[in-house]
Amino acid sequence: MNAEELLKVRDLYDAEMRRGAQADAAQARVERVGAVVRQTVPGPGWNAVLWSDLDEESADAEIAAQVAFFAGRGVPSEFEWKLYGHDRPADLGQRLRAAGLVPEPAETLMVARVADLAELPVEPPEGITLRTVTDEAGVDLMMEVHTGAFGAEHPHIREQMLSRLTHEPDTITAVLAMAGDTPVSAARMEMRAGTSFAGLWGGGTVPQWRGRGIYRLLVAHRARVAAERRIPYLQVDASDDSRPILERLGFGVLGVTVPYLWTAA
């Protein structure tokens, strides 16, 4: 995609996936309050500010309002403000830090046409088979892979996946790469009816199995699922490790996103 098309796709992404965001789990709620769109979850899950429409005069007051809201919920208080490089005002990141939010590592927002990726070969490397995840046992194997690949546990992702598989199975597809009975890579794709984007999430391979084309295989597998659903674009928040692979597969860059985290003292 050329620069002009990427800008159009970015505008579409903002409209559908941020301003028009849908909840990522059955128990989650998305609401527009003033100048922000936020998601809240009553139990384990992802609380976040997804989009904002701020300027130099309104930003500090709106940040303070969101901190006060999440601090006063009476549950374990943590939320993420998902900042994108084109959000305004230009110093919004500095203002978030001043309000006590801590930046996590930046990720690159990338997108590709499903029609292009669906043509990629999907023959597994020798010794690897793919297994679709449909139940709790499969989710636990995915969490085992994530711990090995990323060095951390993410219990809220487990809860989110179980919720979707149970209540909204059409909104998620998850897959494991197995070496015999051992899970060595895992990934998921999240979809919402009426949107132009399917999101690729959680793609990770344990260190001893990297460099064999498994990550590429899982991207191609999910692209074919998206093609069957007639979804035009795949979207990824790519780490520095994933970005070069995705660029070789044809993904273009829409911008940079930084999650800012606030946690109650």
# chains A, B, ... in the order shown; residues from 1 in each chain; ligands from 1
call {"tool": "residues_around", "arguments": {"residues": "Glu190 (chain A)", "least_positions_apart": "5", "cutoff": "7 Å", "atoms": "only C-alpha atoms", "output": "PyMOL selection string"}}
result
chain A and resi 171-173+198-200
call {"tool": "closest_atom_pairs", "arguments": {"of": "region 25-74 of chain A", "to": "region 94-116 of chain A", "cutoff": "8 Å", "atoms": "only C-alpha atoms", "output": "tab-separated table"}}
result
residue	atom	partner	partner_atom	distance
A:Ala59	CA	A:Arg95	CA	7.8
A:Asp60	CA	A:Arg95	CA	6.7
A:Ile63	CA	A:Leu96	CA	7.0
A:Ala64	CA	A:Ala99	CA	7.2
call {"tool": "select_by_dssp", "arguments": {"residues": "region 95-165 of chain A", "states": "alpha helix (DSSP H)", "output": "PyMOL selection string"}}
result
chain A and resi 95-98+114-117+136-150+155-165
call {"tool": "write_last_selection", "arguments": {"atoms": "C-alpha atoms", "output": "PDB file, in the first residue's frame"}}
result
ATOM      1  CA  ARG A  95       0.832  14.778  30.041  1.00  0.00           C
ATOM      2  CA  LEU A  96      -0.014  11.145  30.739  1.00  0.00           C
ATOM      3  CA  ARG A  97       3.365  10.622  32.409  1.00  0.00           C
ATOM      4  CA  ALA A  98       2.838  13.745  34.511  1.00  0.00           C
ATOM      5  CA  VAL A 114      -6.213 -10.114   3.644  1.00  0.00           C
ATOM      6  CA  ALA A 115      -6.436 -10.977  -0.062  1.00  0.00           C
ATOM      7  CA  ASP A 116      -2.645 -10.696  -0.377  1.00  0.00           C
ATOM      8  CA  LEU A 117      -1.821 -12.705   2.754  1.00  0.00           C
ATOM      9  CA  GLU A 136     -10.116 -24.495  28.252  1.00  0.00           C
ATOM     10  CA  ALA A 137      -7.450 -27.165  27.800  1.00  0.00           C
ATOM     11  CA  GLY A 138      -6.363 -25.554  24.540  1.00  0.00           C
ATOM     12  CA  VAL A 139      -6.314 -22.095  26.123  1.00  0.00           C
ATOM     13  CA  ASP A 140      -4.069 -23.405  28.909  1.00  0.00           C
ATOM     14  CA  LEU A 141      -1.643 -24.754  26.304  1.00  0.00           C
ATOM     15  CA  MET A 142      -1.615 -21.311  24.685  1.00  0.00           C
ATOM     16  CA  MET A 143      -0.812 -19.714  28.036  1.00  0.00           C
ATOM     17  CA  GLU A 144       2.042 -22.210  28.433  1.00  0.00           C
ATOM     18  CA  VAL A 145       3.449 -21.047  25.097  1.00  0.00           C
ATOM     19  CA  HIS A 146       3.025 -17.364  26.002  1.00  0.00           C
ATOM     20  CA  THR A 147       4.951 -17.840  29.240  1.00  0.00           C
ATOM     21  CA  GLY A 148       7.772 -19.556  27.362  1.00  0.00           C
ATOM     22  CA  ALA A 149       7.797 -17.064  24.501  1.00  0.00           C
ATOM     23  CA  PHE A 150       7.368 -13.792  26.391  1.00  0.00           C
ATOM     24  CA  PRO A 155      -4.120 -14.222  33.299  1.00  0.00           C
ATOM     25  CA  HIS A 156      -6.446 -11.547  31.881  1.00  0.00           C
ATOM     26  CA  ILE A 157      -5.775 -12.878  28.355  1.00  0.00           C
ATOM     27  CA  ARG A 158      -6.772 -16.352  29.518  1.00  0.00           C
ATOM     28  CA  GLU A 159     -10.020 -15.007  30.971  1.00  0.00           C
ATOM     29  CA  GLN A 160     -10.744 -12.972  27.847  1.00  0.00           C
ATOM     30  CA  MET A 161     -10.184 -15.968  25.562  1.00  0.00           C
ATOM     31  CA  LEU A 162     -12.367 -18.266  27.665  1.00  0.00           C
ATOM     32  CA  SER A 163     -15.125 -15.645  27.676  1.00  0.00           C
ATOM     33  CA  ARG A 164     -15.048 -15.314  23.900  1.00  0.00           C
ATOM     34  CA  LEU A 165     -14.869 -19.037  23.220  1.00  0.00           C
TER      35      LEU A 165
END
call {"tool": "select_by_dssp", "arguments": {"residues": "region 57-153 of chain A", "states": "strand (DSSP E or B)", "output": "list in words"}}
result
Glu78, Phe79, Glu80, Trp81, Lys82, Leu83, Tyr84, Val102, Pro103, Glu107, Thr108, Leu109, Met110, Val111, Ala112, Arg113, Thr129, Leu130, Arg131 and Thr132 of chain A
call {"tool": "residues_around", "arguments": {"residues": "Val122 (chain A)", "least_positions_apart": "4", "cutoff": "7 Å", "atoms": "only C-alpha atoms", "output": "MDAnalysis selection string"}}
result
chainID A and resid 217 220:221
call {"tool": "residues_around", "arguments": {"residues": "Thr132 (chain A)", "least_positions_apart": "3", "cutoff": "8 Å", "atoms": "only C-alpha atoms", "output": "list in words"}}
result
Thr173, Ala174, Val175 and Leu176 of chain A
call {"tool": "residues_around", "arguments": {"residues": "Pro125 (chain A)", "least_positions_apart": "3", "cutoff": "8 Å", "atoms": "only C-alpha atoms", "output": "mmCIF file with N, CA, C and O atoms, in the first residue's frame"}}
result
data_model
loop_
_atom_site.group_PDB
_atom_site.id
_atom_site.type_symbol
_atom_site.label_atom_id
_atom_site.label_comp_id
_atom_site.auth_asym_id
_atom_site.auth_seq_id
_atom_site.Cartn_x
_atom_site.Cartn_y
_atom_site.Cartn_z
ATOM 1 N N ILE A 128 5.801 -30.132 12.560
ATOM 2 C CA ILE A 128 4.817 -29.219 13.145
ATOM 3 C C ILE A 128 3.430 -29.519 12.588
ATOM 4 O O ILE A 128 3.247 -29.711 11.381
ATOM 5 N N ARG A 212 12.095 -20.969 12.072
ATOM 6 C CA ARG A 212 11.706 -22.088 11.208
ATOM 7 C C ARG A 212 10.442 -21.808 10.385
ATOM 8 O O ARG A 212 9.903 -22.707 9.754
ATOM 9 N N GLY A 213 9.964 -20.575 10.446
ATOM 10 C CA GLY A 213 8.805 -20.214 9.643
ATOM 11 C C GLY A 213 7.461 -20.432 10.313
ATOM 12 O O GLY A 213 6.422 -20.319 9.658
ATOM 13 N N ILE A 214 7.441 -20.722 11.621
ATOM 14 C CA ILE A 214 6.176 -21.002 12.291
ATOM 15 C C ILE A 214 5.344 -19.728 12.440
ATOM 16 O O ILE A 214 4.120 -19.748 12.240
#
call {"tool": "closest_residue", "arguments": {"among": "A:Glu62, A:Met178, A:Arg230, A:Arg18", "to": "Leu92 (chain A)", "atoms": "only C-alpha atoms"}}
result
A:Glu62
